[in-house]
$ cat work28.txt   # compact mmCIF, N, CA and C atoms
# COMPACT_ATOMS: atom_id res chain seq x y z
N MET A 1 63.37 -8.71 -17.88
CA MET A 1 62.86 -7.36 -17.88
C MET A 1 64.04 -6.41 -18.06
N LYS A 2 63.80 -5.28 -18.64
CA LYS A 2 64.83 -4.28 -18.89
C LYS A 2 64.74 -3.21 -17.80
N ILE A 3 65.90 -2.87 -17.21
CA ILE A 3 65.94 -1.79 -16.23
C ILE A 3 67.00 -0.78 -16.66
N GLU A 4 66.80 0.44 -16.24
CA GLU A 4 67.77 1.51 -16.51
C GLU A 4 68.70 1.65 -15.32
N THR A 5 69.97 1.86 -15.61
CA THR A 5 70.96 2.11 -14.56
C THR A 5 71.81 3.30 -14.98
N ALA A 6 72.20 4.10 -14.02
CA ALA A 6 73.06 5.25 -14.32
C ALA A 6 74.46 4.77 -14.69
N GLN A 7 74.90 3.69 -14.09
CA GLN A 7 76.27 3.20 -14.29
C GLN A 7 76.43 2.42 -15.60
N PHE A 8 75.45 1.60 -15.96
CA PHE A 8 75.61 0.68 -17.09
C PHE A 8 74.58 0.86 -18.20
N GLY A 9 73.72 1.85 -18.10
CA GLY A 9 72.68 2.05 -19.10
C GLY A 9 71.55 1.04 -18.92
N ALA A 10 70.87 0.73 -20.00
CA ALA A 10 69.78 -0.25 -19.95
C ALA A 10 70.35 -1.66 -19.94
N ILE A 11 69.86 -2.48 -19.03
CA ILE A 11 70.31 -3.87 -18.96
C ILE A 11 69.11 -4.78 -18.75
N ASP A 12 69.28 -6.02 -19.17
CA ASP A 12 68.25 -7.04 -18.96
C ASP A 12 68.54 -7.78 -17.66
N VAL A 13 67.50 -7.93 -16.84
CA VAL A 13 67.62 -8.74 -15.63
C VAL A 13 66.43 -9.68 -15.57
N SER A 14 66.70 -10.86 -15.10
CA SER A 14 65.66 -11.85 -14.93
C SER A 14 64.81 -11.46 -13.71
N GLU A 15 63.51 -11.55 -13.82
CA GLU A 15 62.63 -11.16 -12.71
C GLU A 15 62.88 -11.99 -11.47
N ASP A 16 63.38 -13.21 -11.63
CA ASP A 16 63.65 -14.04 -10.46
C ASP A 16 64.92 -13.61 -9.72
N LYS A 17 65.62 -12.61 -10.22
CA LYS A 17 66.82 -12.07 -9.56
C LYS A 17 66.48 -10.83 -8.72
N ILE A 18 65.25 -10.35 -8.80
CA ILE A 18 64.87 -9.15 -8.07
C ILE A 18 64.71 -9.47 -6.59
N ILE A 19 65.33 -8.64 -5.76
CA ILE A 19 65.30 -8.78 -4.31
C ILE A 19 64.36 -7.71 -3.75
N ILE A 20 63.41 -8.14 -2.95
CA ILE A 20 62.44 -7.22 -2.35
C ILE A 20 62.90 -6.87 -0.93
N MET A 21 62.87 -5.58 -0.63
CA MET A 21 63.15 -5.12 0.73
C MET A 21 61.82 -4.62 1.31
N PRO A 22 61.07 -5.49 2.01
CA PRO A 22 59.76 -5.09 2.52
C PRO A 22 59.79 -3.82 3.37
N ALA A 23 60.85 -3.61 4.13
CA ALA A 23 60.96 -2.40 4.96
C ALA A 23 61.65 -1.27 4.20
N GLY A 24 62.03 -1.53 2.96
CA GLY A 24 62.73 -0.52 2.17
C GLY A 24 64.18 -0.38 2.59
N MET A 25 64.89 0.44 1.86
CA MET A 25 66.28 0.74 2.19
C MET A 25 66.26 1.98 3.08
N PRO A 26 66.83 1.89 4.28
CA PRO A 26 66.82 3.05 5.18
C PRO A 26 67.33 4.32 4.49
N GLY A 27 66.55 5.37 4.61
CA GLY A 27 66.92 6.65 4.01
C GLY A 27 66.44 6.83 2.58
N PHE A 28 65.83 5.79 2.02
CA PHE A 28 65.35 5.85 0.64
C PHE A 28 63.92 5.31 0.55
N PRO A 29 62.96 6.08 1.06
CA PRO A 29 61.57 5.60 1.08
C PRO A 29 61.06 5.31 -0.33
N GLY A 30 60.28 4.25 -0.41
CA GLY A 30 59.68 3.88 -1.68
C GLY A 30 60.62 3.13 -2.60
N ARG A 31 61.83 2.86 -2.14
CA ARG A 31 62.80 2.11 -2.97
C ARG A 31 62.97 0.74 -2.33
N GLY A 32 62.26 -0.24 -2.85
CA GLY A 32 62.27 -1.55 -2.21
C GLY A 32 62.59 -2.73 -3.11
N ARG A 33 62.92 -2.45 -4.39
CA ARG A 33 63.26 -3.56 -5.30
C ARG A 33 64.67 -3.34 -5.83
N PHE A 34 65.51 -4.35 -5.63
CA PHE A 34 66.91 -4.24 -6.02
C PHE A 34 67.35 -5.50 -6.74
N VAL A 35 68.48 -5.40 -7.39
CA VAL A 35 69.11 -6.55 -8.03
C VAL A 35 70.62 -6.41 -7.82
N ILE A 36 71.29 -7.54 -7.65
CA ILE A 36 72.74 -7.52 -7.52
C ILE A 36 73.33 -7.69 -8.91
N LEU A 37 74.15 -6.73 -9.30
CA LEU A 37 74.83 -6.79 -10.59
C LEU A 37 76.28 -7.19 -10.36
N GLU A 38 76.64 -8.28 -10.99
CA GLU A 38 78.02 -8.77 -10.89
C GLU A 38 78.74 -8.43 -12.18
N ARG A 39 79.80 -7.67 -12.05
CA ARG A 39 80.61 -7.28 -13.21
C ARG A 39 82.02 -7.80 -13.00
N GLU A 40 82.49 -8.55 -13.96
CA GLU A 40 83.84 -9.13 -13.88
C GLU A 40 84.89 -8.07 -13.55
N GLU A 41 84.76 -6.90 -14.19
CA GLU A 41 85.77 -5.85 -14.04
C GLU A 41 85.75 -5.16 -12.68
N THR A 42 84.72 -5.37 -11.85
CA THR A 42 84.67 -4.70 -10.56
C THR A 42 84.75 -5.68 -9.38
N ARG A 43 84.95 -6.95 -9.64
CA ARG A 43 85.04 -7.91 -8.53
C ARG A 43 86.23 -7.56 -7.65
N PRO A 44 86.12 -7.67 -6.35
CA PRO A 44 85.10 -8.33 -5.55
C PRO A 44 83.91 -7.44 -5.18
N PHE A 45 83.79 -6.31 -5.85
CA PHE A 45 82.69 -5.40 -5.58
C PHE A 45 81.51 -5.72 -6.50
N TYR A 46 80.30 -5.55 -5.96
CA TYR A 46 79.08 -5.76 -6.72
C TYR A 46 78.26 -4.48 -6.64
N TRP A 47 77.26 -4.38 -7.50
CA TRP A 47 76.35 -3.23 -7.48
C TRP A 47 75.00 -3.72 -6.98
N TYR A 48 74.47 -3.03 -5.98
CA TYR A 48 73.13 -3.30 -5.47
C TYR A 48 72.25 -2.21 -6.07
N GLN A 49 71.69 -2.52 -7.23
CA GLN A 49 70.99 -1.55 -8.07
C GLN A 49 69.50 -1.55 -7.79
N CYS A 50 68.95 -0.36 -7.57
CA CYS A 50 67.50 -0.22 -7.41
C CYS A 50 66.84 -0.44 -8.78
N VAL A 51 65.83 -1.26 -8.81
CA VAL A 51 65.13 -1.57 -10.06
C VAL A 51 64.30 -0.38 -10.53
N ASP A 52 63.78 0.40 -9.59
CA ASP A 52 62.85 1.48 -9.92
C ASP A 52 63.47 2.87 -9.96
N ASP A 53 64.77 2.97 -9.72
CA ASP A 53 65.45 4.26 -9.72
C ASP A 53 66.85 4.07 -10.28
N ALA A 54 67.05 4.46 -11.52
CA ALA A 54 68.32 4.26 -12.21
C ALA A 54 69.49 4.89 -11.47
N ASP A 55 69.23 5.96 -10.73
CA ASP A 55 70.30 6.70 -10.06
C ASP A 55 70.66 6.13 -8.68
N LEU A 56 69.92 5.14 -8.21
CA LEU A 56 70.17 4.60 -6.87
C LEU A 56 70.85 3.23 -6.97
N ALA A 57 72.11 3.21 -6.61
CA ALA A 57 72.87 1.95 -6.58
C ALA A 57 73.93 2.07 -5.50
N PHE A 58 74.19 0.96 -4.85
CA PHE A 58 75.21 0.89 -3.80
C PHE A 58 76.27 -0.10 -4.22
N VAL A 59 77.51 0.20 -3.88
CA VAL A 59 78.58 -0.76 -4.07
C VAL A 59 78.60 -1.62 -2.81
N ILE A 60 78.57 -2.94 -3.01
CA ILE A 60 78.56 -3.87 -1.88
C ILE A 60 79.65 -4.92 -2.07
N MET A 61 79.99 -5.58 -0.98
CA MET A 61 80.94 -6.69 -1.07
C MET A 61 80.76 -7.64 0.11
N ASN A 62 81.35 -8.79 -0.01
CA ASN A 62 81.34 -9.80 1.04
C ASN A 62 82.32 -9.33 2.12
N PRO A 63 81.86 -9.14 3.36
CA PRO A 63 82.75 -8.62 4.41
C PRO A 63 83.84 -9.60 4.83
N TYR A 64 83.63 -10.90 4.58
CA TYR A 64 84.60 -11.90 5.01
C TYR A 64 85.87 -11.87 4.16
N LEU A 65 85.84 -11.18 3.04
CA LEU A 65 87.03 -11.06 2.20
C LEU A 65 88.11 -10.18 2.85
N PHE A 66 87.68 -9.19 3.63
CA PHE A 66 88.66 -8.32 4.29
C PHE A 66 88.60 -8.41 5.81
N ARG A 67 87.56 -9.06 6.33
CA ARG A 67 87.41 -9.22 7.78
C ARG A 67 86.87 -10.62 8.06
N PRO A 68 87.75 -11.65 7.97
CA PRO A 68 87.30 -13.04 8.11
C PRO A 68 86.61 -13.35 9.44
N ASP A 69 86.89 -12.55 10.47
CA ASP A 69 86.29 -12.79 11.78
C ASP A 69 85.00 -11.98 12.00
N TYR A 70 84.49 -11.37 10.94
CA TYR A 70 83.27 -10.56 11.05
C TYR A 70 82.14 -11.43 11.57
N SER A 71 81.42 -10.91 12.55
CA SER A 71 80.34 -11.69 13.15
C SER A 71 79.25 -10.75 13.65
N VAL A 72 78.02 -11.00 13.21
CA VAL A 72 76.86 -10.26 13.70
C VAL A 72 75.76 -11.27 14.04
N ASP A 73 74.96 -10.92 15.00
CA ASP A 73 73.83 -11.76 15.40
C ASP A 73 72.69 -11.52 14.42
N LEU A 74 72.40 -12.52 13.61
CA LEU A 74 71.35 -12.39 12.60
C LEU A 74 69.95 -12.69 13.14
N LYS A 75 69.87 -13.18 14.37
CA LYS A 75 68.57 -13.59 14.91
C LYS A 75 67.51 -12.48 14.88
N PRO A 76 67.85 -11.23 15.25
CA PRO A 76 66.81 -10.19 15.18
C PRO A 76 66.28 -9.97 13.76
N ALA A 77 67.16 -9.98 12.77
CA ALA A 77 66.72 -9.79 11.38
C ALA A 77 65.89 -10.98 10.91
N VAL A 78 66.33 -12.18 11.26
CA VAL A 78 65.61 -13.39 10.87
C VAL A 78 64.20 -13.38 11.47
N LYS A 79 64.11 -12.98 12.74
CA LYS A 79 62.80 -12.93 13.40
C LYS A 79 61.93 -11.84 12.78
N GLU A 80 62.50 -10.64 12.60
CA GLU A 80 61.74 -9.52 12.03
C GLU A 80 61.18 -9.85 10.65
N MET A 81 61.95 -10.57 9.86
CA MET A 81 61.55 -10.89 8.49
C MET A 81 60.77 -12.21 8.39
N SER A 82 60.58 -12.90 9.52
CA SER A 82 59.90 -14.21 9.55
C SER A 82 60.61 -15.23 8.66
N TRP A 83 61.93 -15.27 8.79
CA TRP A 83 62.74 -16.21 8.00
C TRP A 83 63.15 -17.45 8.78
N GLU A 84 62.57 -17.67 9.95
CA GLU A 84 63.01 -18.76 10.83
C GLU A 84 63.08 -20.11 10.12
N ALA A 85 62.13 -20.41 9.26
CA ALA A 85 62.07 -21.72 8.61
C ALA A 85 63.06 -21.88 7.46
N ASP A 86 63.70 -20.80 7.05
CA ASP A 86 64.56 -20.88 5.87
C ASP A 86 65.98 -21.35 6.17
N GLY A 87 66.44 -21.24 7.39
CA GLY A 87 67.78 -21.68 7.74
C GLY A 87 68.85 -20.69 7.31
N GLU A 88 69.98 -20.76 7.99
CA GLU A 88 71.05 -19.80 7.72
C GLU A 88 71.76 -20.04 6.40
N ASN A 89 71.60 -21.23 5.81
CA ASN A 89 72.25 -21.50 4.52
C ASN A 89 71.70 -20.64 3.40
N SER A 90 70.49 -20.13 3.60
CA SER A 90 69.88 -19.30 2.56
C SER A 90 70.17 -17.81 2.75
N LEU A 91 70.99 -17.47 3.76
CA LEU A 91 71.28 -16.07 4.03
C LEU A 91 72.68 -15.68 3.54
N LYS A 92 72.76 -14.54 2.88
CA LYS A 92 74.04 -13.99 2.45
C LYS A 92 74.18 -12.61 3.09
N ILE A 93 75.39 -12.29 3.47
CA ILE A 93 75.67 -11.00 4.09
C ILE A 93 76.60 -10.20 3.18
N TYR A 94 76.22 -8.96 2.96
CA TYR A 94 77.05 -8.00 2.24
C TYR A 94 77.15 -6.74 3.08
N VAL A 95 78.17 -5.95 2.80
CA VAL A 95 78.28 -4.64 3.44
C VAL A 95 78.39 -3.59 2.35
N ILE A 96 77.89 -2.40 2.67
CA ILE A 96 77.94 -1.30 1.72
C ILE A 96 79.30 -0.64 1.81
N VAL A 97 79.89 -0.42 0.64
CA VAL A 97 81.23 0.15 0.53
C VAL A 97 81.12 1.63 0.21
N ASN A 98 81.96 2.41 0.85
CA ASN A 98 82.03 3.86 0.60
C ASN A 98 83.31 4.15 -0.14
N ALA A 99 83.19 4.55 -1.39
CA ALA A 99 84.36 4.85 -2.21
C ALA A 99 84.97 6.17 -1.77
N SER A 100 86.20 6.41 -2.21
CA SER A 100 86.90 7.61 -1.76
C SER A 100 87.58 8.33 -2.91
N ASN A 101 86.83 8.67 -3.95
CA ASN A 101 87.30 9.49 -5.07
C ASN A 101 88.76 9.29 -5.46
N GLY A 102 89.07 8.10 -5.94
CA GLY A 102 90.41 7.85 -6.46
C GLY A 102 91.47 7.59 -5.42
N THR A 103 91.08 7.39 -4.16
CA THR A 103 92.05 7.10 -3.11
C THR A 103 91.70 5.73 -2.51
N PRO A 104 92.17 4.64 -3.16
CA PRO A 104 91.79 3.29 -2.73
C PRO A 104 92.06 2.99 -1.26
N GLU A 105 93.14 3.54 -0.72
CA GLU A 105 93.46 3.24 0.69
C GLU A 105 92.46 3.84 1.67
N LYS A 106 91.58 4.70 1.18
CA LYS A 106 90.56 5.30 2.05
C LYS A 106 89.17 4.69 1.85
N ILE A 107 89.06 3.62 1.09
CA ILE A 107 87.78 2.94 0.90
C ILE A 107 87.37 2.28 2.21
N THR A 108 86.12 2.50 2.61
CA THR A 108 85.62 1.93 3.85
C THR A 108 84.35 1.12 3.61
N ALA A 109 83.99 0.34 4.61
CA ALA A 109 82.77 -0.47 4.55
C ALA A 109 81.96 -0.24 5.82
N ASN A 110 80.66 -0.28 5.68
CA ASN A 110 79.75 -0.10 6.81
C ASN A 110 79.49 -1.46 7.45
N LEU A 111 80.23 -1.75 8.51
CA LEU A 111 80.08 -3.04 9.19
C LEU A 111 78.95 -3.05 10.22
N ILE A 112 78.39 -1.88 10.55
CA ILE A 112 77.29 -1.87 11.51
C ILE A 112 75.92 -1.82 10.82
N GLY A 113 75.94 -1.83 9.48
CA GLY A 113 74.69 -1.84 8.73
C GLY A 113 74.72 -2.89 7.63
N PRO A 114 74.96 -4.17 8.01
CA PRO A 114 75.04 -5.20 6.96
C PRO A 114 73.72 -5.41 6.23
N LEU A 115 73.84 -5.77 5.00
CA LEU A 115 72.70 -6.12 4.16
C LEU A 115 72.56 -7.63 4.21
N VAL A 116 71.43 -8.11 4.70
CA VAL A 116 71.19 -9.55 4.83
C VAL A 116 70.16 -9.94 3.77
N ILE A 117 70.55 -10.88 2.92
CA ILE A 117 69.68 -11.30 1.82
C ILE A 117 69.31 -12.77 1.98
N ASN A 118 68.02 -13.03 1.93
CA ASN A 118 67.51 -14.39 1.95
C ASN A 118 67.40 -14.83 0.49
N THR A 119 68.31 -15.69 0.07
CA THR A 119 68.36 -16.10 -1.34
C THR A 119 67.20 -17.00 -1.72
N ARG A 120 66.58 -17.65 -0.75
CA ARG A 120 65.43 -18.52 -1.04
C ARG A 120 64.17 -17.69 -1.29
N LYS A 121 63.97 -16.64 -0.48
CA LYS A 121 62.77 -15.82 -0.61
C LYS A 121 62.96 -14.57 -1.46
N HIS A 122 64.20 -14.29 -1.85
CA HIS A 122 64.52 -13.08 -2.62
C HIS A 122 64.07 -11.83 -1.86
N GLU A 123 64.38 -11.83 -0.56
CA GLU A 123 64.08 -10.69 0.29
C GLU A 123 65.35 -10.23 0.98
N ALA A 124 65.37 -8.97 1.41
CA ALA A 124 66.54 -8.44 2.09
C ALA A 124 66.13 -7.43 3.14
N VAL A 125 67.06 -7.20 4.07
CA VAL A 125 66.89 -6.18 5.08
C VAL A 125 68.28 -5.62 5.39
N GLN A 126 68.35 -4.33 5.63
CA GLN A 126 69.59 -3.76 6.12
C GLN A 126 69.47 -3.67 7.63
N MET A 127 70.31 -4.42 8.31
CA MET A 127 70.31 -4.43 9.77
C MET A 127 71.03 -3.19 10.30
N VAL A 128 70.74 -2.85 11.52
CA VAL A 128 71.52 -1.87 12.26
C VAL A 128 72.02 -2.57 13.50
N VAL A 129 73.34 -2.70 13.62
CA VAL A 129 73.95 -3.40 14.73
C VAL A 129 74.32 -2.38 15.81
N TYR A 130 73.70 -2.51 16.97
CA TYR A 130 73.95 -1.59 18.08
C TYR A 130 75.02 -2.17 19.00
N ASP A 131 75.65 -1.32 19.77
CA ASP A 131 76.67 -1.74 20.74
C ASP A 131 77.67 -2.70 20.11
N SER A 132 78.27 -2.25 19.03
CA SER A 132 79.16 -3.10 18.25
C SER A 132 80.60 -2.62 18.33
N GLN A 133 81.50 -3.54 18.17
CA GLN A 133 82.92 -3.21 18.07
C GLN A 133 83.26 -2.67 16.69
N TYR A 134 82.33 -2.80 15.75
CA TYR A 134 82.57 -2.40 14.37
C TYR A 134 82.23 -0.94 14.14
N SER A 135 82.61 -0.48 12.96
CA SER A 135 82.40 0.92 12.58
C SER A 135 81.61 0.99 11.28
N HIS A 136 81.01 2.16 11.04
CA HIS A 136 80.35 2.37 9.74
C HIS A 136 81.38 2.83 8.70
N LYS A 137 82.63 3.02 9.12
CA LYS A 137 83.70 3.42 8.19
C LYS A 137 84.94 2.56 8.45
N HIS A 138 84.77 1.27 8.31
CA HIS A 138 85.88 0.33 8.53
C HIS A 138 86.75 0.28 7.27
N PRO A 139 88.05 0.58 7.39
CA PRO A 139 88.91 0.51 6.20
C PRO A 139 89.03 -0.92 5.69
N ILE A 140 88.97 -1.09 4.38
CA ILE A 140 89.06 -2.45 3.85
C ILE A 140 90.45 -2.76 3.29
N LEU A 141 91.30 -1.77 3.16
CA LEU A 141 92.68 -1.97 2.71
C LEU A 141 93.64 -1.51 3.80
N ASN A 142 94.88 -1.95 3.70
CA ASN A 142 95.94 -1.51 4.63
C ASN A 142 95.57 -1.73 6.08
N GLN A 143 95.16 -2.93 6.40
CA GLN A 143 94.79 -3.19 7.79
C GLN A 143 95.96 -3.74 8.58

$ encode --input "work28.txt" --output "structure tokens"
Amino acid sequence: MKIETAQFGAIDVSEDKIIIMPAGMPGFPGRGRFVILEREETRPFYWYQCVDDADLAFVIMNPYLFRPDYSVDLKPAVKEMSWEADGENSLKIYVIVNASNGTPEKITANLIGPLVINTRKHEAVQMVVYDSQYSHKHPILNQ
């Protein structure tokens, strides 16, 4: 299927790559279908692109690349989404990255709002981690 993106124009995506967020993306009502766009030139960053809104995309990345000891309790999300039977091997965790207008040393990641994706069911949820040692503006460089 062809989708429009503000960053890359019209692109083809396979329908089996679409990730459904049954609860939606917090703060963006009615936006519940996304796809991860992997671009060689932006690795290790990926784009979490809304399928139904060309202007809605988030930069995401694997938190273990800059914080190997990152740890969150996934049990509440697994229970909320009824993923108990799928096992943790089917879960991927990403964090949303906040760019800083040409100042790489100020790039941060939201470690208290991880995006948990069930690769088997093609579903996702953005968790909110309470009482955490982490920050919503964790620097990813110069640590």

$ select_by_dssp --input "work28.txt" --residues "region 64-99 of chain A" --states "helix (DSSP H, G or I)" --output "list in words"
Tyr64, Leu65, Lys75, Pro76, Ala77, Val78, Lys79, Glu80, Glu84, Ala85, Asp86, Glu88, Asn89 and Ser90 of chain A

$ residues_around --input "work28.txt" --residues "region 12-19 of chain A" --least-positions-apart "3" --cutoff "7 Å" --atoms "only C-alpha atoms" --output "list in words"
Met1, Lys2, Ile3, Arg33, Phe34, Val35, His122, Glu123 and Ala124 of chain A

$ atom_distance --input "work28.txt" --atom1 "atom C of Leu37 (chain A)" --atom2 "CA of Lys121 (chain A)"
18.8 Å

$ select_by_dssp --input "work28.txt" --residues "chain A" --states "strand (DSSP E or B)" --output "PyMOL selection string"
chain A and resi 2-5+9-12+19-20+25+28+33-37+46-50+57-61+91-98+108-118+123-126+138-139

$ atom_distance --input "work28.txt" --atom1 "CA of Val95 (chain A)" --atom2 "CA of Glu4 (chain A)"
23.4 Å

$ atom_distance --input "work28.txt" --atom1 "CA of Ile117 (chain A)" --atom2 "atom C of Leu91 (chain A)"
5.6 Å

$ residues_near_point --input "work28.txt" --point "(82.4, -4.5, 14.2)" --cutoff "8 Å" --atoms "all atoms listed in the file" --output "VMD selection string"
chain A and resid 70 to 72 110 to 112 131 to 136

$ closest_residue --input "work28.txt" --among "A:Lys79, A:Ser90, A:Gln126, A:Arg67" --to "Ala23 (chain A)" --atoms "only N, CA and C atoms"
A:Gln126

$ closest_residue --input "work28.txt" --among "A:Lys75, A:Tyr64, A:Ile140, A:Glu84" --to "Val97 (chain A)" --atoms "only C-alpha atoms"
A:Ile140

$ closest_residue --input "work28.txt" --among "A:Pro44, A:Gly27, A:Pro22, A:Gly32" --to "Pro63 (chain A)" --atoms "only C-alpha atoms"
A:Pro44

$ residues_around --input "work28.txt" --residues "Phe45 (chain A)" --least-positions-apart "2" --cutoff "6 Å" --atoms "all atoms listed in the file" --output "ChimeraX atom specification"
/A:42-43,47,60-61

$ residues_around --input "work28.txt" --residues "Asn89 (chain A)" --least-positions-apart "2" --cutoff "10 Å" --atoms "only C-alpha atoms" --output "mmCIF file with N, CA and C atoms, keeping the file's coordinate frame"
data_model
loop_
_atom_site.group_PDB
_atom_site.id
_atom_site.type_symbol
_atom_site.label_atom_id
_atom_site.label_comp_id
_atom_site.auth_asym_id
_atom_site.auth_seq_id
_atom_site.Cartn_x
_atom_site.Cartn_y
_atom_site.Cartn_z
ATOM 1 N N ASP A 86 63.700 -20.800 7.050
ATOM 2 C CA ASP A 86 64.560 -20.880 5.870
ATOM 3 C C ASP A 86 65.980 -21.350 6.170
ATOM 4 N N GLY A 87 66.440 -21.240 7.390
ATOM 5 C CA GLY A 87 67.780 -21.680 7.740
ATOM 6 C C GLY A 87 68.850 -20.690 7.310
ATOM 7 N N LEU A 91 70.990 -17.470 3.760
ATOM 8 C CA LEU A 91 71.280 -16.070 4.030
ATOM 9 C C LEU A 91 72.680 -15.680 3.540
ATOM 10 N N LYS A 92 72.760 -14.540 2.880
ATOM 11 C CA LYS A 92 74.040 -13.990 2.450
ATOM 12 C C LYS A 92 74.180 -12.610 3.090
ATOM 13 N N ASN A 118 68.020 -13.030 1.930
ATOM 14 C CA ASN A 118 67.510 -14.390 1.950
ATOM 15 C C ASN A 118 67.400 -14.830 0.490
ATOM 16 N N THR A 119 68.310 -15.690 0.070
ATOM 17 C CA THR A 119 68.360 -16.100 -1.340
ATOM 18 C C THR A 119 67.200 -17.000 -1.720
ATOM 19 N N ARG A 120 66.580 -17.650 -0.750
ATOM 20 C CA ARG A 120 65.430 -18.520 -1.040
ATOM 21 C C ARG A 120 64.170 -17.690 -1.290
#

$ closest_residue --input "work28.txt" --among "A:Ile36, A:Leu74, A:Phe58, A:Met81" --to "Val128 (chain A)" --atoms "only C-alpha atoms"
A:Leu74

$ closest_residue --input "work28.txt" --among "A:Glu80, A:Leu141, A:Val125, A:Tyr46" --to "Pro26 (chain A)" --atoms "all atoms listed in the file"
A:Val125

$ residues_near_point --input "work28.txt" --point "(70.2, -6.9, 15.1)" --cutoff "6 Å" --atoms "all atoms listed in the file" --output "list in words"
Asp73, Pro76, Ala77, Met127, Val128, Val129 and Tyr130 of chain A
